[in-house]
file data09.json (JSON, C-alpha atoms and all ligand atoms)
[["chain", "number", "residue", "atom", "x", "y", "z"],
["Y", 45, "MET", "CA", 34.13, 105.72, 87.72],
["Y", 46, "PRO", "CA", 33.02, 103.43, 84.87],
["Y", 47, "GLU", "CA", 35.79, 101.23, 83.50],
["Y", 48, "TYR", "CA", 35.68, 99.11, 80.38],
["Y", 49, "ARG", "CA", 37.86, 96.33, 79.02],
["Y", 50, "THR", "CA", 37.29, 95.62, 75.36],
["Y", 51, "ALA", "CA", 38.89, 94.59, 72.10],
["Y", 52, "ALA", "CA", 39.63, 97.57, 69.86],
["Y", 53, "LEU", "CA", 41.02, 98.63, 66.48],
["Y", 54, "VAL", "CA", 43.13, 101.79, 66.22],
["Y", 55, "LEU", "CA", 41.50, 104.11, 63.65],
["Y", 56, "ARG", "CA", 43.65, 107.22, 64.06],
["Y", 57, "THR", "CA", 45.87, 108.95, 66.58],
["Y", 58, "PHE", "CA", 46.75, 112.61, 67.09],
["Y", 59, "ASP", "CA", 49.26, 114.43, 69.24],
["Y", 60, "HIS", "CA", 47.49, 116.10, 72.12],
["Y", 61, "GLY", "CA", 49.34, 118.70, 74.15],
["Y", 62, "GLU", "CA", 52.97, 118.15, 74.97],
["Y", 63, "SER", "CA", 52.82, 114.65, 76.32],
["Y", 64, "ASP", "CA", 49.53, 112.95, 75.36],
["Y", 65, "ARG", "CA", 47.97, 111.33, 72.34],
["Y", 66, "LEU", "CA", 44.31, 111.31, 71.35],
["Y", 67, "VAL", "CA", 43.33, 107.88, 70.03],
["Y", 68, "HIS", "CA", 40.27, 107.11, 67.90],
["Y", 69, "LEU", "CA", 39.24, 103.49, 68.48],
["Y", 70, "TYR", "CA", 36.57, 101.21, 67.12],
["Y", 71, "THR", "CA", 35.79, 98.90, 70.02],
["Y", 72, "GLU", "CA", 33.82, 95.71, 70.40],
["Y", 73, "LYS", "CA", 31.79, 96.79, 73.42],
["Y", 74, "LEU", "CA", 31.49, 100.57, 73.02],
["Y", 75, "GLY", "CA", 31.61, 101.14, 69.27],
["Y", 76, "ARG", "CA", 33.58, 104.18, 68.17],
["Y", 77, "VAL", "CA", 35.23, 106.15, 70.97],
["Y", 78, "SER", "CA", 37.98, 108.72, 71.43],
["Y", 79, "ALA", "CA", 40.25, 108.37, 74.41],
["Y", 80, "ILE", "CA", 43.21, 110.30, 75.70],
["Y", 81, "ALA", "CA", 46.41, 108.32, 76.18],
["Y", 82, "LYS", "CA", 48.18, 110.21, 78.94],
["Y", 83, "GLY", "CA", 51.92, 110.39, 78.64],
["Y", 84, "ALA", "CA", 51.98, 108.46, 75.34],
["Y", 85, "ARG", "CA", 54.05, 111.15, 73.58],
["Y", 86, "ARG", "CA", 56.53, 111.62, 76.36],
["Y", 87, "SER", "CA", 57.15, 107.99, 77.22],
["Y", 88, "GLN", "CA", 57.31, 105.06, 74.79],
["Y", 89, "ARG", "CA", 57.02, 102.67, 77.75],
["Y", 90, "ARG", "CA", 53.49, 103.71, 78.59],
["Y", 91, "PHE", "CA", 51.89, 102.19, 75.46],
["Y", 92, "PRO", "CA", 54.75, 100.33, 73.75],
["Y", 93, "GLY", "CA", 54.07, 99.59, 70.09],
["Y", 94, "THR", "CA", 50.30, 99.66, 70.48],
["Y", 95, "LEU", "CA", 48.94, 103.00, 69.29],
["Y", 96, "GLU", "CA", 49.59, 102.44, 65.58],
["Y", 97, "ILE", "CA", 46.95, 102.56, 62.86],
["Y", 98, "PHE", "CA", 45.24, 99.20, 62.05],
["Y", 99, "SER", "CA", 46.51, 97.58, 65.28],
["Y", 100, "LYS", "CA", 44.22, 95.21, 67.11],
["Y", 101, "LEU", "CA", 44.35, 95.73, 70.89],
["Y", 102, "GLU", "CA", 42.83, 94.76, 74.19],
["Y", 103, "VAL", "CA", 42.24, 98.08, 75.94],
["Y", 104, "GLN", "CA", 41.26, 99.34, 79.33],
["Y", 105, "ILE", "CA", 39.29, 102.59, 79.20],
["Y", 106, "VAL", "CA", 37.90, 104.70, 82.02],
["Y", 107, "ASP", "CA", 35.11, 107.20, 81.68],
["Y", 108, "PRO", "CA", 35.65, 109.87, 84.35],
["Y", 109, "PRO", "CA", 32.50, 111.69, 85.38],
["Y", 110, "ARG", "CA", 32.25, 115.24, 84.03],
["Y", 111, "ALA", "CA", 35.31, 114.70, 81.83],
["Y", 112, "GLN", "CA", 34.91, 115.42, 78.14],
["Y", 113, "LEU", "CA", 37.16, 112.59, 77.04],
["Y", 114, "MET", "CA", 37.53, 108.97, 78.06],
["Y", 115, "ARG", "CA", 40.99, 107.94, 79.23],
["Y", 116, "LEU", "CA", 43.00, 105.06, 77.85],
["Y", 117, "GLU", "CA", 44.48, 103.36, 80.88],
["Y", 118, "GLY", "CA", 46.16, 100.40, 79.24],
["Y", 119, "ALA", "CA", 46.57, 98.66, 75.90],
["Y", 120, "VAL", "CA", 47.90, 95.23, 74.96],
["Y", 121, "LEU", "CA", 48.82, 94.48, 71.35],
["Y", 122, "VAL", "CA", 46.89, 91.50, 69.93],
["Y", 123, "GLU", "CA", 47.75, 91.85, 66.25],
["Y", 124, "PRO", "CA", 50.03, 94.52, 64.76],
["Y", 125, "GLY", "CA", 48.82, 96.69, 61.90],
["Y", 126, "GLU", "CA", 52.31, 97.00, 60.48],
["Y", 127, "PRO", "CA", 51.91, 94.51, 57.58],
["Y", 128, "LEU", "CA", 49.08, 96.68, 56.27],
["Y", 129, "VAL", "CA", 51.21, 99.81, 56.32],
["Y", 130, "GLN", "CA", 54.00, 98.17, 54.33],
["Y", 131, "HIS", "CA", 52.01, 97.39, 51.16],
["Y", 132, "LEU", "CA", 50.28, 100.25, 49.33],
["Y", 133, "GLY", "CA", 47.33, 98.14, 48.11],
["Y", 134, "ARG", "CA", 46.64, 96.62, 51.50],
["Y", 135, "PHE", "CA", 47.06, 100.03, 53.12],
["Y", 136, "ALA", "CA", 44.50, 101.57, 50.75],
["Y", 137, "ILE", "CA", 41.85, 98.88, 51.32],
["Y", 138, "ALA", "CA", 42.35, 98.90, 55.10],
["Y", 139, "SER", "CA", 42.21, 102.71, 55.12],
["Y", 140, "GLN", "CA", 38.87, 102.69, 53.33],
["Y", 141, "LEU", "CA", 37.46, 100.25, 55.90],
["Y", 142, "LEU", "CA", 38.70, 102.41, 58.78],
["Y", 143, "GLU", "CA", 37.36, 105.56, 57.18],
["Y", 144, "MET", "CA", 33.91, 103.94, 56.99],
["Y", 145, "LEU", "CA", 34.12, 102.97, 60.67],
["Y", 146, "ASP", "CA", 35.31, 106.46, 61.58],
["Y", 147, "ARG", "CA", 32.79, 108.44, 59.55],
["Y", 148, "LEU", "CA", 29.72, 106.21, 59.21],
["Y", 149, "THR", "CA", 29.28, 104.91, 62.76],
["Y", 150, "GLY", "CA", 27.91, 106.84, 65.70],
["Y", 151, "GLU", "CA", 30.01, 107.54, 68.76],
["Y", 152, "ARG", "CA", 29.43, 104.92, 71.48],
["Y", 153, "GLU", "CA", 27.05, 102.91, 69.30],
["Y", 154, "ALA", "CA", 28.21, 99.34, 69.87],
["Y", 155, "ASN", "CA", 28.02, 96.94, 66.94],
["Y", 156, "PRO", "CA", 30.02, 93.84, 67.95],
["Y", 157, "GLU", "CA", 29.28, 92.11, 64.63],
["Y", 158, "LEU", "CA", 30.75, 95.04, 62.71],
["Y", 159, "PHE", "CA", 33.77, 95.01, 65.03],
["Y", 160, "HIS", "CA", 34.45, 91.29, 64.49],
["Y", 161, "PHE", "CA", 33.92, 91.63, 60.75],
["Y", 162, "SER", "CA", 36.36, 94.57, 60.57],
["Y", 163, "ALA", "CA", 38.99, 92.83, 62.68],
["Y", 164, "GLY", "CA", 38.63, 89.76, 60.44],
["Y", 165, "VAL", "CA", 39.05, 91.85, 57.28],
["Y", 166, "LEU", "CA", 42.33, 93.31, 58.59],
["Y", 167, "THR", "CA", 43.58, 89.79, 59.31],
["Y", 168, "VAL", "CA", 42.62, 88.59, 55.83],
["Y", 169, "LEU", "CA", 44.26, 91.66, 54.26],
["Y", 170, "CYS", "CA", 47.55, 90.82, 55.96],
["Y", 171, "ALA", "CA", 47.66, 87.51, 54.10],
["Y", 172, "GLU", "CA", 45.88, 88.17, 50.79],
["Y", 173, "ARG", "CA", 47.27, 89.73, 47.64],
["Y", 174, "PRO", "CA", 45.16, 92.89, 47.34],
["Y", 175, "ASP", "CA", 43.13, 93.39, 44.17],
["Y", 176, "ARG", "CA", 40.26, 95.55, 42.98],
["Y", 177, "LEU", "CA", 37.62, 92.91, 43.68],
["Y", 178, "LEU", "CA", 38.86, 92.57, 47.25],
["Y", 179, "ALA", "CA", 38.55, 96.35, 47.73],
["Y", 180, "LEU", "CA", 35.03, 96.34, 46.26],
["Y", 181, "LEU", "CA", 33.81, 93.40, 48.35],
["Y", 182, "VAL", "CA", 35.20, 94.88, 51.57],
["Y", 183, "GLN", "CA", 33.27, 98.06, 50.77],
["Y", 184, "LEU", "CA", 30.01, 96.19, 49.98],
["Y", 185, "LYS", "CA", 30.23, 93.92, 53.02],
["Y", 186, "THR", "CA", 30.91, 96.93, 55.26],
["Y", 187, "LEU", "CA", 28.02, 98.91, 53.77],
["Y", 188, "ALA", "CA", 25.72, 95.93, 54.38],
["Y", 189, "ARG", "CA", 26.74, 95.80, 58.05],
["Y", 190, "LEU", "CA", 26.19, 99.54, 58.38],
["Y", 191, "GLY", "CA", 22.61, 99.16, 57.12],
["Y", 192, "TYR", "CA", 23.23, 100.28, 53.53],
["Y", 193, "ARG", "CA", 22.88, 96.94, 51.77],
["Y", 194, "PRO", "CA", 22.14, 97.50, 48.08],
["Y", 195, "GLN", "CA", 19.39, 95.50, 46.37],
["Y", 196, "LEU", "CA", 21.11, 93.23, 43.87],
["Y", 197, "VAL", "CA", 18.82, 90.33, 42.96],
["Y", 198, "ALA", "CA", 15.30, 91.67, 43.63],
["Y", 199, "CYS", "CA", 13.72, 94.93, 42.50],
["Y", 200, "ALA", "CA", 14.32, 97.69, 45.08],
["Y", 201, "GLY", "CA", 10.90, 99.12, 44.19],
["Y", 202, "CYS", "CA", 8.50, 96.16, 44.09],
["Y", 203, "GLY", "CA", 10.58, 93.21, 45.26],
["Y", 204, "GLN", "CA", 10.17, 90.97, 42.22],
["Y", 205, "PRO", "CA", 13.27, 88.95, 41.25],
["Y", 206, "VAL", "CA", 15.44, 90.58, 38.58],
["Y", 207, "SER", "CA", 18.27, 88.07, 38.43],
["Y", 208, "GLY", "CA", 16.71, 86.10, 35.54],
["Y", 209, "ARG", "CA", 17.02, 89.09, 33.20],
["Y", 210, "ASP", "CA", 19.85, 89.93, 30.84],
["Y", 211, "ARG", "CA", 20.38, 93.54, 31.86],
["Y", 212, "VAL", "CA", 18.80, 95.38, 34.74],
["Y", 213, "ALA", "CA", 18.58, 99.02, 35.77],
["Y", 214, "PHE", "CA", 20.68, 100.07, 38.78],
["Y", 215, "ASP", "CA", 18.77, 102.94, 40.30],
["Y", 216, "VAL", "CA", 20.81, 104.48, 43.08],
["Y", 217, "ALA", "CA", 17.88, 106.50, 44.47],
["Y", 218, "HIS", "CA", 15.71, 103.39, 44.76],
["Y", 219, "GLY", "CA", 18.50, 101.43, 46.46],
["Y", 220, "GLY", "CA", 19.87, 99.23, 43.69],
["Y", 221, "ALA", "CA", 18.49, 96.89, 41.04],
["Y", 222, "THR", "CA", 15.09, 97.84, 39.65],
["Y", 223, "CYS", "CA", 12.69, 96.09, 37.28],
["Y", 224, "PRO", "CA", 11.57, 97.85, 34.05],
["Y", 225, "ASP", "CA", 8.31, 98.99, 35.71],
["Y", 226, "CYS", "CA", 10.10, 100.68, 38.63],
["Y", 227, "ALA", "CA", 13.29, 101.96, 36.96],
["Y", 228, "SER", "CA", 13.78, 105.61, 36.15],
["Y", 229, "GLY", "CA", 14.89, 106.46, 32.62],
["Y", 230, "GLU", "CA", 18.34, 107.68, 33.58],
["Y", 231, "ALA", "CA", 19.38, 104.66, 35.65],
["Y", 232, "PRO", "CA", 22.31, 102.83, 34.04],
["Y", 233, "ARG", "CA", 21.66, 99.28, 32.79],
["Y", 234, "VAL", "CA", 24.08, 96.64, 34.00],
["Y", 235, "PRO", "CA", 24.30, 92.86, 33.54],
["Y", 236, "ALA", "CA", 21.99, 91.13, 36.02],
["Y", 237, "SER", "CA", 24.62, 88.38, 36.31],
["Y", 238, "LEU", "CA", 27.14, 90.90, 37.69],
["Y", 239, "LEU", "CA", 24.74, 92.00, 40.44],
["Y", 240, "ALA", "CA", 23.87, 88.37, 41.21],
["Y", 241, "ARG", "CA", 27.57, 87.52, 41.57],
["Y", 242, "LEU", "CA", 28.14, 90.50, 43.86],
["Y", 243, "GLU", "CA", 25.20, 89.30, 45.99],
["Y", 244, "VAL", "CA", 26.97, 85.97, 46.35],
["Y", 245, "GLY", "CA", 30.21, 87.87, 47.02],
["Y", 246, "ILE", "CA", 28.69, 89.72, 49.98],
["Y", 247, "ARG", "CA", 27.89, 86.34, 51.59],
["Y", 248, "THR", "CA", 31.15, 84.61, 50.58],
["Y", 249, "PRO", "CA", 34.43, 84.72, 52.53],
["Y", 250, "LEU", "CA", 36.83, 87.22, 50.95],
["Y", 251, "ARG", "CA", 39.42, 84.53, 50.35],
["Y", 252, "GLN", "CA", 37.06, 82.74, 47.97],
["Y", 253, "ARG", "CA", 36.38, 85.80, 45.79],
["Y", 254, "GLY", "CA", 38.22, 84.23, 42.85],
["Y", 255, "GLU", "CA", 35.41, 81.68, 42.53],
["Y", 256, "LEU", "CA", 32.85, 84.41, 41.85],
["Y", 257, "GLY", "CA", 34.01, 84.73, 38.24],
["Y", 258, "ILE", "CA", 33.83, 88.54, 38.10],
["Y", 259, "PRO", "CA", 36.18, 89.91, 35.43],
["Y", 260, "ASP", "CA", 38.23, 93.04, 36.07],
["Y", 261, "ARG", "CA", 36.17, 95.12, 33.60],
["Y", 262, "ALA", "CA", 32.99, 94.28, 35.53],
["Y", 263, "VAL", "CA", 34.68, 95.18, 38.82],
["Y", 264, "ARG", "CA", 35.45, 98.64, 37.41],
["Y", 265, "GLN", "CA", 31.83, 99.04, 36.32],
["Y", 266, "ALA", "CA", 30.64, 98.04, 39.79],
["Y", 267, "GLU", "CA", 33.08, 100.47, 41.44],
["Y", 268, "ARG", "CA", 31.43, 103.35, 39.58],
["Y", 269, "LEU", "CA", 27.92, 102.18, 40.55],
["Y", 270, "PHE", "CA", 28.75, 101.89, 44.22],
["Y", 271, "SER", "CA", 30.66, 105.14, 44.51],
["Y", 272, "ARG", "CA", 27.41, 106.83, 43.38],
["Y", 273, "PHE", "CA", 25.45, 104.59, 45.74],
["Y", 274, "VAL", "CA", 27.61, 105.65, 48.71],
["Y", 275, "LEU", "CA", 27.39, 109.33, 47.79],
["Y", 276, "PHE", "CA", 23.59, 109.17, 47.54],
["Y", 277, "HIS", "CA", 22.80, 107.07, 50.60],
["Y", 278, "VAL", "CA", 25.58, 108.00, 52.97],
["Y", 279, "GLY", "CA", 25.83, 111.61, 51.82],
["Y", 280, "LEU", "CA", 29.58, 111.78, 51.58],
["Y", 281, "GLU", "CA", 32.42, 110.88, 49.33],
["Y", 282, "LEU", "CA", 34.98, 108.63, 50.98],
["Y", 283, "ARG", "CA", 38.34, 110.39, 51.01],
["Y", 284, "THR", "CA", 40.07, 107.07, 50.52],
["Y", 285, "ALA", "CA", 38.09, 106.36, 47.32],
["Y", 286, "ASP", "CA", 40.19, 108.91, 45.46],
["Y", 287, "PHE", "CA", 43.36, 107.45, 46.94],
["Y", 288, "LEU", "CA", 42.28, 103.95, 45.90],
["Y", 289, "SER", "CA", 41.60, 105.03, 42.33],
["Y", 290, "GLN", "CA", 44.96, 106.78, 42.10],
["Y", 291, "ILE", "CA", 46.99, 103.80, 43.13],
["Y", 292, "ARG", "CA", 44.87, 101.54, 40.96],
["Y", 293, "ASP", "CA", 46.20, 103.54, 38.05],
["Y", 294, "LEU", "CA", 49.71, 102.72, 39.19],
["Y", 295, "GLU", "CA", 48.82, 99.02, 39.36],
["Y", 296, "CYS", "CA", 50.12, 98.83, 42.87],
["Y", 297, "LEU", "CA", 46.87, 97.53, 44.21],
["Y", 298, "ASP", "CA", 46.97, 94.12, 42.61],
["Y", 299, "GLY", "CA", 50.51, 93.54, 43.74],
["Y", 300, "LYS", "CA", 52.01, 93.36, 40.24],
["Y", 301, "ARG", "CA", 55.06, 95.26, 41.40],
["Y", 302, "ALA", "CA", 55.59, 92.85, 44.22],
["Y", 303, "ARG", "CA", 55.87, 89.95, 41.77],
["Y", 304, "GLY", "CA", 58.60, 91.50, 39.64],
["Y", 305, "ASP", "CA", 62.32, 91.46, 40.22],
["Y", 306, "THR", "CA", 62.27, 95.20, 40.73],
["Y", 307, "ALA", "CA", 59.77, 95.00, 43.57],
["Y", 308, "PRO", "CA", 60.54, 97.45, 46.34],
["Y", 309, "ALA", "CA", 61.25, 95.91, 49.71],
["Y", 310, "SER", "CA", 58.03, 97.37, 51.04],
["Y", 311, "GLY", "CA", 55.96, 95.71, 48.31],
["Y", 312, "ALA", "CA", 55.70, 92.35, 50.03],
["Y", 313, "ALA", "CA", 54.23, 91.64, 53.41],
["Y", 314, "PRO", "CA", 56.47, 90.03, 55.99],
["Y", 315, "ALA", "CA", 56.15, 86.27, 55.71],
["Y", 316, "GLY", "CA", 55.66, 85.94, 59.44],
["Y", 317, "ALA", "CA", 52.68, 88.28, 59.44],
["Y", 318, "ALA", "CA", 50.99, 86.43, 56.58],
["Y", 319, "ALA", "CA", 51.54, 83.02, 58.11],
["Y", 320, "GLY", "CA", 50.47, 84.21, 61.54],
["Y", 321, "SER", "CA", 47.17, 85.49, 60.22],
["Y", 322, "ALA", "CA", 46.27, 82.63, 57.92],
["Y", 323, "GLY", "CA", 44.77, 80.39, 60.55],
["Y", 324, "ARG", "CA", 42.37, 82.98, 61.93],
["Y", 325, "ALA", "CA", 40.95, 84.50, 58.75],
["Y", 401, "ZN", "ZN", 9.93, 96.72, 40.42]]
call {"tool": "encode", "arguments": {"input": "data09.json", "output": "structure tokens"}}
result
Amino acid sequence: MPEYRTAALVLRTFDHGESDRLVHLYTEKLGRVSAIAKGARRSQRRFPGTLEIFSKLEVQIVDPPRAQLMRLEGAVLVEPGEPLVQHLGRFAIASQLLEMLDRLTGEREANPELFHFSAGVLTVLCAERPDRLLALLVQLKTLARLGYRPQLVACAGCGQPVSGRDRVAFDVAHGGATCPDCASGEAPRVPASLLARLEVGIRTPLRQRGELGIPDRAVRQAERLFSRFVLFHVGLELRTADFLSQIRDLECLDGKRARGDTAPASGAAPAGAAAGSAGRA
């Protein structure tokens, strides 16, 4: 029967029957797959410490003929997802990424570039202080790799450059920035410089986002634009978007609590995890 060995990210797991777990994975070679982990509920030794959300694994999967589900035969932990679970802001951003992989990719549609990008984002998140711009850029970069790249510096209708203008229409139905000739009347007008900086942001490593010079107020404006963009083009509202906005109101996302003396123990990532990830991101 076909057998695959591939790198994988754990998206979700569910109890399955009395002794098994059903694992949703985003894999390098197969794209998104579901596989049954036999005996994973009954025995911790079968898959020790591997089947946790956000974990990066090397897995061995078999695809039995006539079986509905693939079977997870083995899993080796490459990078734990635990540091992402321990900080609310990191957890929220990573959850949004995984939700996009889970809901916006087709089953068994391999996209190795998207896999490597996603694995890299999780590594960066382990080491970076999460903020709103980080969340926004992860969303935009992921959308671009899923084929939903918004037009930001050229008109989505006619292609002429719009970045030299002061303000520009952002027409969700057209696919982004639009010149005055192509824009519909209702499209909101936004600073062309903001869209131009986001265009640079999509092509810039996440760690260098501070150099983009995008103020927090502009990030909030962009969040509203792109939540409408996602709804229109993808046809669904991300469940994690609501979660993200709620914890933004609590100012957990930017790590302010973690800097204060009253920071909860869970507010800071383990130093070992951050240091261990720094070299690879
Ligand atoms: Zn135009």
call {"tool": "closest_atom_pairs", "arguments": {"input": "data09.json", "of": "chain Y", "to": "ligand ZN 401 (chain Y)", "cutoff": "10 Å", "atoms": "all atoms listed in the file", "output": "CSV"}}
result
residue,atom,partner,partner_atom,distance
Y:Ala198,CA,Y:ZN401,ZN,8.0
Y:Cys199,CA,Y:ZN401,ZN,4.7
Y:Ala200,CA,Y:ZN401,ZN,6.5
Y:Gly201,CA,Y:ZN401,ZN,4.6
Y:Cys202,CA,Y:ZN401,ZN,4.0
Y:Gly203,CA,Y:ZN401,ZN,6.0
Y:Gln204,CA,Y:ZN401,ZN,6.0
Y:Pro205,CA,Y:ZN401,ZN,8.5
Y:Val206,CA,Y:ZN401,ZN,8.5
Y:His218,CA,Y:ZN401,ZN,9.8
Y:Ala221,CA,Y:ZN401,ZN,8.6
Y:Thr222,CA,Y:ZN401,ZN,5.3
Y:Cys223,CA,Y:ZN401,ZN,4.2
Y:Pro224,CA,Y:ZN401,ZN,6.7
Y:Asp225,CA,Y:ZN401,ZN,5.5
Y:Cys226,CA,Y:ZN401,ZN,4.3
Y:Ala227,CA,Y:ZN401,ZN,7.1
call {"tool": "residues_around", "arguments": {"input": "data09.json", "residues": "segment 67-73 of chain Y", "least_positions_apart": "4", "cutoff": "6 Å", "atoms": "only C-alpha atoms", "output": "list in words"}}
result
Thr50, Ala51, Ala52, Leu53, Val54, Leu55, Arg56, Thr57, Val77, Ser78, Ala79, Ala154, Pro156 and Phe159 of chain Y
call {"tool": "atom_distance", "arguments": {"input": "data09.json", "atom1": "atom CA of Ala84 of chain Y", "atom2": "atom CA of Val168 of chain Y"}}
result
29.4 Å
call {"tool": "closest_residue", "arguments": {"input": "data09.json", "among": "Y:Thr167, Y:Asn155, Y:Thr149, Y:Gln140", "to": "Glu126 of chain Y", "atoms": "all atoms listed in the file"}}
result
Y:Thr167
call {"tool": "residues_around", "arguments": {"input": "data09.json", "residues": "Pro235 of chain Y", "least_positions_apart": "2", "cutoff": "10 Å", "atoms": "all atoms listed in the file", "output": "NGL selection string"}}
result
:Y and (207 or 209-214 or 233 or 237-240 or 262)
call {"tool": "closest_residue", "arguments": {"input": "data09.json", "among": "Y:Arg261, Y:Lys100, Y:Lys82, Y:Arg110", "to": "Val122 of chain Y", "atoms": "all atoms listed in the file"}}
result
Y:Lys100
call {"tool": "residues_around", "arguments": {"input": "data09.json", "residues": "Arg115 of chain Y", "least_positions_apart": "4", "cutoff": "6 Å", "atoms": "all atoms listed in the file", "output": "PyMOL selection string"}}
result
chain Y and resi 79-80+105-106
call {"tool": "closest_residue", "arguments": {"input": "data09.json", "among": "Y:Val274, Y:Leu142, Y:Leu250, Y:Leu95", "to": "Gly219 of chain Y", "atoms": "all atoms listed in the file"}}
result
Y:Val274
call {"tool": "residues_around", "arguments": {"input": "data09.json", "residues": "Gln252 of chain Y", "least_positions_apart": "3", "cutoff": "12 Å", "atoms": "only C-alpha atoms", "output": "PDB file with C-alpha atoms, keeping the file's coordinate frame"}}
result
ATOM      1  CA  VAL Y 168      42.620  88.590  55.830  1.00  0.00           C
ATOM      2  CA  GLU Y 172      45.880  88.170  50.790  1.00  0.00           C
ATOM      3  CA  LEU Y 177      37.620  92.910  43.680  1.00  0.00           C
ATOM      4  CA  LEU Y 178      38.860  92.570  47.250  1.00  0.00           C
ATOM      5  CA  LEU Y 181      33.810  93.400  48.350  1.00  0.00           C
ATOM      6  CA  VAL Y 244      26.970  85.970  46.350  1.00  0.00           C
ATOM      7  CA  GLY Y 245      30.210  87.870  47.020  1.00  0.00           C
ATOM      8  CA  ILE Y 246      28.690  89.720  49.980  1.00  0.00           C
ATOM      9  CA  ARG Y 247      27.890  86.340  51.590  1.00  0.00           C
ATOM     10  CA  THR Y 248      31.150  84.610  50.580  1.00  0.00           C
ATOM     11  CA  PRO Y 249      34.430  84.720  52.530  1.00  0.00           C
ATOM     12  CA  GLU Y 255      35.410  81.680  42.530  1.00  0.00           C
ATOM     13  CA  LEU Y 256      32.850  84.410  41.850  1.00  0.00           C
ATOM     14  CA  GLY Y 257      34.010  84.730  38.240  1.00  0.00           C
ATOM     15  CA  ILE Y 258      33.830  88.540  38.100  1.00  0.00           C
ATOM     16  CA  ALA Y 325      40.950  84.500  58.750  1.00  0.00           C
TER      17      ALA Y 325
END
call {"tool": "axis_aligned_box", "arguments": {"input": "data09.json", "around": "segment 66-75 of chain Y", "padding_each_side": "4 Å", "output": "lines of an AutoDock Vina configuration file"}}
result
center_x = 37.9
center_y = 103.5
center_z = 70.3
size_x = 20.8
size_y = 23.6
size_z = 14.3
call {"tool": "residues_around", "arguments": {"input": "data09.json", "residues": "segment 266-271 of chain Y", "least_positions_apart": "2", "cutoff": "8 Å", "atoms": "all atoms listed in the file", "output": "list in words"}}
result
Leu180, Phe214, Val216, Ala262, Val263, Arg264, Phe273, Val274, Leu275 and Glu281 of chain Y
call {"tool": "closest_residue", "arguments": {"input": "data09.json", "among": "Y:Gln104, Y:Phe98, Y:Gly164, Y:Arg89", "to": "Tyr48 of chain Y", "atoms": "all atoms listed in the file"}}
result
Y:Gln104
call {"tool": "closest_residue", "arguments": {"input": "data09.json", "among": "Y:Ser289, Y:Glu123, Y:Gly75, Y:Gly61", "to": "Gly150 of chain Y", "atoms": "only C-alpha atoms"}}
result
Y:Gly75
call {"tool": "decode", "arguments": {"input": "data09.json", "residues": "segment 61-72 of chain Y", "atoms": "N, CA and C atoms", "output": "PDB file, in the first residue's frame"}}
result
ATOM      1  N   GLY Y  61     -13.158   7.230  18.573  1.00  0.00           N
ATOM      2  CA  GLY Y  61     -13.380   5.941  19.223  1.00  0.00           C
ATOM      3  C   GLY Y  61     -12.734   5.919  20.606  1.00  0.00           C
ATOM      4  N   GLU Y  62     -12.551   4.740  21.118  1.00  0.00           N
ATOM      5  CA  GLU Y  62     -12.048   4.624  22.489  1.00  0.00           C
ATOM      6  C   GLU Y  62     -10.541   4.773  22.601  1.00  0.00           C
ATOM      7  N   SER Y  63      -9.844   4.467  21.502  1.00  0.00           N
ATOM      8  CA  SER Y  63      -8.392   4.421  21.668  1.00  0.00           C
ATOM      9  C   SER Y  63      -7.610   5.230  20.626  1.00  0.00           C
ATOM     10  N   ASP Y  64      -8.294   5.795  19.626  1.00  0.00           N
ATOM     11  CA  ASP Y  64      -7.573   6.451  18.529  1.00  0.00           C
ATOM     12  C   ASP Y  64      -7.760   7.971  18.569  1.00  0.00           C
ATOM     13  N   ARG Y  65      -6.884   8.625  17.786  1.00  0.00           N
ATOM     14  CA  ARG Y  65      -7.082  10.065  17.559  1.00  0.00           C
ATOM     15  C   ARG Y  65      -7.064  10.317  16.053  1.00  0.00           C
ATOM     16  N   LEU Y  66      -7.923  11.271  15.637  1.00  0.00           N
ATOM     17  CA  LEU Y  66      -7.927  11.708  14.246  1.00  0.00           C
ATOM     18  C   LEU Y  66      -7.098  12.991  14.182  1.00  0.00           C
ATOM     19  N   VAL Y  67      -6.119  13.014  13.294  1.00  0.00           N
ATOM     20  CA  VAL Y  67      -5.180  14.133  13.248  1.00  0.00           C
ATOM     21  C   VAL Y  67      -5.293  14.836  11.898  1.00  0.00           C
ATOM     22  N   HIS Y  68      -5.540  16.143  11.932  1.00  0.00           N
ATOM     23  CA  HIS Y  68      -5.511  16.950  10.710  1.00  0.00           C
ATOM     24  C   HIS Y  68      -4.095  17.512  10.575  1.00  0.00           C
ATOM     25  N   LEU Y  69      -3.472  17.227   9.431  1.00  0.00           N
ATOM     26  CA  LEU Y  69      -2.091  17.668   9.203  1.00  0.00           C
ATOM     27  C   LEU Y  69      -2.021  18.528   7.957  1.00  0.00           C
ATOM     28  N   TYR Y  70      -1.089  19.485   7.959  1.00  0.00           N
ATOM     29  CA  TYR Y  70      -0.728  20.131   6.706  1.00  0.00           C
ATOM     30  C   TYR Y  70       0.689  19.665   6.388  1.00  0.00           C
ATOM     31  N   THR Y  71       0.830  18.896   5.309  1.00  0.00           N
ATOM     32  CA  THR Y  71       2.107  18.246   5.035  1.00  0.00           C
ATOM     33  C   THR Y  71       2.805  18.870   3.841  1.00  0.00           C
ATOM     34  N   GLU Y  72       4.113  18.661   3.808  1.00  0.00           N
ATOM     35  CA  GLU Y  72       4.911  19.207   2.703  1.00  0.00           C
ATOM     36  C   GLU Y  72       4.581  18.513   1.375  1.00  0.00           C
TER      37      GLU Y  72
END
